[in-house]
Amino acid sequence: MARHHPLQRVASPSRQLSMLLHLAGIASFAASFKFLQGWETPMSAAFGGHFQFLTIIGLALALCTFVVGFLADVTLSSRLFKLKNILSVCSAPLEVLISILYWGLCAIDKSLVVPPDMVLNFLPDFGFHAAPALFLATDLLILSPPWAIHGFAALALSECLAFLYWFWVEYCFSRNGWYPYPIFDILNTWQRVLLFTFSASLMTGSTMLLKWTYGKINGIEEFKKEAVTNPAGVQIKTE
């Protein structure tokens, strides 16, 4: 049987609150994918389908994270719990990034991120662009042990994910002749490089913000201080 980390707010894996949260998240994410199956758009018939959208890639990663978390709850397996936490290091900051970028750009001009024929009603919009971040952040803050990742590692991970997605988008463009997000058509190549670099930095910032919030909620001064004053995790030797 797995024993939860002493710094966690609530026991996890467990067959109580942890299982309920993971089941609720799985139901939400599955409902979003079911919505996609019945939503006929030019995107669904194109190469890459809806997985051209970072939103859907993030949603798939969130679903994988919560499925592994649920299996850990059922079996009380420490190995599955560790795997869930590893996936969470990628999925939670990514979903926070997606929410910040989507709602931020929508506040400026929704047509930058939503093609004219793909406007969503509030509930599916919330399910795609807000619910995953809320579920994953809740899982991190009350049901997970503290992250050991530092700023440099978070930045490297973020840059890797950002440019892998850029290469994927460009490959889909070479097959389809158009980009999934209208903003990509507006920007030239170097402007897209800057956008992806900025997004990677923002994802790194979301990692540090989640780490700081974890320390704030769980009363761990070391994590709050490290996230603000030493995000790179550099060890300074003193005589």
# chains A, B, ... in the order shown; residues from 1 in each chain; ligands from 1

$ residues_around --residues "segment 23-36 of chain A" --least-positions-apart "3" --cutoff "7 Å" --atoms "only C-alpha atoms" --output "list in words"
Met19, Leu20, Trp39, Leu59, Leu63, Phe66, Val67, Phe70, Pro124, Gly127, Phe128 and Phe135 of chain A

$ select_by_dssp --residues "segment 46-118 of chain A" --states "alpha helix (DSSP H)" --output "PyMOL selection string"
chain A and resi 54-75+78-109

$ closest_residue --among "A:Ala130, A:Ile183, A:Leu164, A:Ala45" --to "Thr197 of chain A" --atoms "only C-alpha atoms"
A:Leu164

$ atom_distance --atom1 "atom CA of Leu87 of chain A" --atom2 "atom CA of Leu112 of chain A"
29.6 Å

$ closest_residue --among "A:Phe47, A:Phe173, A:His129, A:Ser199" --to "Val114 of chain A" --atoms "only C-alpha atoms"
A:His129

$ closest_residue --among "A:Gly215, A:Pro145, A:Pro116, A:Pro132" --to "Pro42 of chain A" --atoms "only C-alpha atoms"
A:Pro116

$ closest_residue --among "A:Leu17, A:Gly48, A:Pro146, A:Asn121" --to "Lys211 of chain A" --atoms "only C-alpha atoms"
A:Pro146

$ residues_around --residues "Leu71 of chain A" --least-positions-apart "3" --cutoff "10 Å" --atoms "only C-alpha atoms" --output "PDB file with all heavy atoms, in the first residue's frame"
ATOM      1  N   PRO A  13      -2.195   8.395  -3.154  1.00  0.00           N
ATOM      2  CA  PRO A  13      -3.450   7.845  -3.669  1.00  0.00           C
ATOM      3  C   PRO A  13      -4.363   7.361  -2.545  1.00  0.00           C
ATOM      4  O   PRO A  13      -3.890   6.927  -1.501  1.00  0.00           O
ATOM      5  CB  PRO A  13      -2.980   6.672  -4.536  1.00  0.00           C
ATOM      6  CG  PRO A  13      -1.675   6.254  -3.914  1.00  0.00           C
ATOM      7  CD  PRO A  13      -1.043   7.522  -3.431  1.00  0.00           C
ATOM      8  N   MET A  19      -9.709   9.818  -5.401  1.00  0.00           N
ATOM      9  CA  MET A  19     -10.398   9.079  -6.458  1.00  0.00           C
ATOM     10  C   MET A  19     -11.545   9.895  -7.044  1.00  0.00           C
ATOM     11  O   MET A  19     -11.756   9.901  -8.257  1.00  0.00           O
ATOM     12  CB  MET A  19     -10.934   7.748  -5.914  1.00  0.00           C
ATOM     13  CG  MET A  19     -11.655   6.908  -6.960  1.00  0.00           C
ATOM     14  SD  MET A  19     -12.332   5.366  -6.291  1.00  0.00           S
ATOM     15  CE  MET A  19     -10.824   4.417  -6.124  1.00  0.00           C
ATOM     16  N   HIS A  22     -10.138  12.588  -9.383  1.00  0.00           N
ATOM     17  CA  HIS A  22      -9.653  12.017 -10.636  1.00  0.00           C
ATOM     18  C   HIS A  22     -10.798  11.522 -11.507  1.00  0.00           C
ATOM     19  O   HIS A  22     -10.763  11.688 -12.734  1.00  0.00           O
ATOM     20  CB  HIS A  22      -8.656  10.886 -10.338  1.00  0.00           C
ATOM     21  CG  HIS A  22      -7.370  11.375  -9.763  1.00  0.00           C
ATOM     22  ND1 HIS A  22      -6.684  10.700  -8.769  1.00  0.00           N
ATOM     23  CD2 HIS A  22      -6.637  12.493 -10.019  1.00  0.00           C
ATOM     24  CE1 HIS A  22      -5.586  11.372  -8.452  1.00  0.00           C
ATOM     25  NE2 HIS A  22      -5.538  12.463  -9.203  1.00  0.00           N
ATOM     26  N   PHE A  66      -4.719  11.947 -15.327  1.00  0.00           N
ATOM     27  CA  PHE A  66      -5.775  11.603 -14.380  1.00  0.00           C
ATOM     28  C   PHE A  66      -6.149  10.124 -14.442  1.00  0.00           C
ATOM     29  O   PHE A  66      -6.551   9.548 -13.426  1.00  0.00           O
ATOM     30  CB  PHE A  66      -6.989  12.501 -14.608  1.00  0.00           C
ATOM     31  CG  PHE A  66      -7.007  13.713 -13.722  1.00  0.00           C
ATOM     32  CD1 PHE A  66      -5.856  14.478 -13.555  1.00  0.00           C
ATOM     33  CD2 PHE A  66      -8.150  14.098 -13.042  1.00  0.00           C
ATOM     34  CE1 PHE A  66      -5.854  15.588 -12.728  1.00  0.00           C
ATOM     35  CE2 PHE A  66      -8.160  15.201 -12.213  1.00  0.00           C
ATOM     36  CZ  PHE A  66      -7.016  15.954 -12.049  1.00  0.00           C
ATOM     37  N   VAL A  67      -6.031   9.500 -15.599  1.00  0.00           N
ATOM     38  CA  VAL A  67      -6.273   8.054 -15.677  1.00  0.00           C
ATOM     39  C   VAL A  67      -5.237   7.308 -14.841  1.00  0.00           C
ATOM     40  O   VAL A  67      -5.579   6.393 -14.078  1.00  0.00           O
ATOM     41  CB  VAL A  67      -6.246   7.569 -17.145  1.00  0.00           C
ATOM     42  CG1 VAL A  67      -6.158   6.043 -17.202  1.00  0.00           C
ATOM     43  CG2 VAL A  67      -7.495   8.045 -17.882  1.00  0.00           C
ATOM     44  N   VAL A  68      -3.971   7.701 -14.964  1.00  0.00           N
ATOM     45  CA  VAL A  68      -2.922   7.079 -14.154  1.00  0.00           C
ATOM     46  C   VAL A  68      -3.166   7.358 -12.674  1.00  0.00           C
ATOM     47  O   VAL A  68      -3.002   6.470 -11.829  1.00  0.00           O
ATOM     48  CB  VAL A  68      -1.531   7.587 -14.577  1.00  0.00           C
ATOM     49  CG1 VAL A  68      -0.451   7.075 -13.629  1.00  0.00           C
ATOM     50  CG2 VAL A  68      -1.210   7.144 -16.005  1.00  0.00           C
ATOM     51  N   VAL A  74      -7.094   3.306  -7.208  1.00  0.00           N
ATOM     52  CA  VAL A  74      -7.744   1.993  -7.142  1.00  0.00           C
ATOM     53  C   VAL A  74      -6.799   0.944  -6.578  1.00  0.00           C
ATOM     54  O   VAL A  74      -7.173   0.134  -5.719  1.00  0.00           O
ATOM     55  CB  VAL A  74      -8.250   1.567  -8.542  1.00  0.00           C
ATOM     56  CG1 VAL A  74      -8.754   0.117  -8.512  1.00  0.00           C
ATOM     57  CG2 VAL A  74      -9.358   2.504  -9.016  1.00  0.00           C
ATOM     58  N   THR A  75      -5.566   0.964  -7.044  1.00  0.00           N
ATOM     59  CA  THR A  75      -4.600  -0.073  -6.659  1.00  0.00           C
ATOM     60  C   THR A  75      -3.745   0.317  -5.458  1.00  0.00           C
ATOM     61  O   THR A  75      -3.050  -0.534  -4.896  1.00  0.00           O
ATOM     62  CB  THR A  75      -3.663  -0.387  -7.839  1.00  0.00           C
ATOM     63  OG1 THR A  75      -2.919   0.801  -8.182  1.00  0.00           O
ATOM     64  CG2 THR A  75      -4.461  -0.845  -9.058  1.00  0.00           C
ATOM     65  N   LEU A  76      -3.784   1.618  -5.104  1.00  0.00           N
ATOM     66  CA  LEU A  76      -2.907   2.164  -4.057  1.00  0.00           C
ATOM     67  C   LEU A  76      -1.440   1.904  -4.380  1.00  0.00           C
ATOM     68  O   LEU A  76      -0.618   1.642  -3.493  1.00  0.00           O
ATOM     69  CB  LEU A  76      -3.268   1.586  -2.683  1.00  0.00           C
ATOM     70  CG  LEU A  76      -4.689   1.852  -2.185  1.00  0.00           C
ATOM     71  CD1 LEU A  76      -4.917   1.214  -0.827  1.00  0.00           C
ATOM     72  CD2 LEU A  76      -4.979   3.347  -2.123  1.00  0.00           C
ATOM     73  N   SER A  77      -1.117   2.010  -5.672  1.00  0.00           N
ATOM     74  CA  SER A  77       0.242   1.737  -6.152  1.00  0.00           C
ATOM     75  C   SER A  77       1.105   2.989  -6.063  1.00  0.00           C
ATOM     76  O   SER A  77       0.764   4.037  -6.628  1.00  0.00           O
ATOM     77  CB  SER A  77       0.184   1.245  -7.601  1.00  0.00           C
ATOM     78  OG  SER A  77       1.465   1.244  -8.180  1.00  0.00           O
ATOM     79  N   LEU A  80       2.492   3.876  -9.698  1.00  0.00           N
ATOM     80  CA  LEU A  80       1.550   4.626 -10.536  1.00  0.00           C
ATOM     81  C   LEU A  80       1.401   6.058 -10.023  1.00  0.00           C
ATOM     82  O   LEU A  80       1.263   6.990 -10.813  1.00  0.00           O
ATOM     83  CB  LEU A  80       0.190   3.929 -10.564  1.00  0.00           C
ATOM     84  CG  LEU A  80       0.122   2.635 -11.382  1.00  0.00           C
ATOM     85  CD1 LEU A  80      -1.242   1.960 -11.203  1.00  0.00           C
ATOM     86  CD2 LEU A  80       0.385   2.915 -12.859  1.00  0.00           C
ATOM     87  N   PHE A  81       1.441   6.224  -8.714  1.00  0.00           N
ATOM     88  CA  PHE A  81       1.345   7.569  -8.136  1.00  0.00           C
ATOM     89  C   PHE A  81       2.541   8.420  -8.562  1.00  0.00           C
ATOM     90  O   PHE A  81       2.394   9.590  -8.932  1.00  0.00           O
ATOM     91  CB  PHE A  81       1.279   7.462  -6.616  1.00  0.00           C
ATOM     92  CG  PHE A  81       1.113   8.785  -5.913  1.00  0.00           C
ATOM     93  CD1 PHE A  81       0.020   9.592  -6.155  1.00  0.00           C
ATOM     94  CD2 PHE A  81       2.075   9.216  -5.000  1.00  0.00           C
ATOM     95  CE1 PHE A  81      -0.128  10.809  -5.499  1.00  0.00           C
ATOM     96  CE2 PHE A  81       1.928  10.422  -4.342  1.00  0.00           C
ATOM     97  CZ  PHE A  81       0.824  11.225  -4.586  1.00  0.00           C
ATOM     98  N   LYS A  84       2.071   9.388 -12.145  1.00  0.00           N
ATOM     99  CA  LYS A  84       1.106  10.492 -12.245  1.00  0.00           C
ATOM    100  C   LYS A  84       1.758  11.833 -11.938  1.00  0.00           C
ATOM    101  O   LYS A  84       1.529  12.836 -12.633  1.00  0.00           O
ATOM    102  CB  LYS A  84      -0.070  10.241 -11.287  1.00  0.00           C
ATOM    103  CG  LYS A  84      -1.212  11.260 -11.400  1.00  0.00           C
ATOM    104  CD  LYS A  84      -1.048  12.457 -10.501  1.00  0.00           C
ATOM    105  CE  LYS A  84      -1.165  12.096  -9.035  1.00  0.00           C
ATOM    106  NZ  LYS A  84      -1.117  13.335  -8.177  1.00  0.00           N
TER     107      LYS A  84
END

$ closest_residue --among "A:Leu123, A:Leu194, A:Val89, A:Asp185" --to "Phe163 of chain A" --atoms "only C-alpha atoms"
A:Leu194

$ atom_distance --atom1 "atom CA of Ser144 of chain A" --atom2 "atom CA of Asn85 of chain A"
7.0 Å

$ atom_distance --atom1 "atom CA of Glu159 of chain A" --atom2 "atom CA of Cys90 of chain A"
11.8 Å
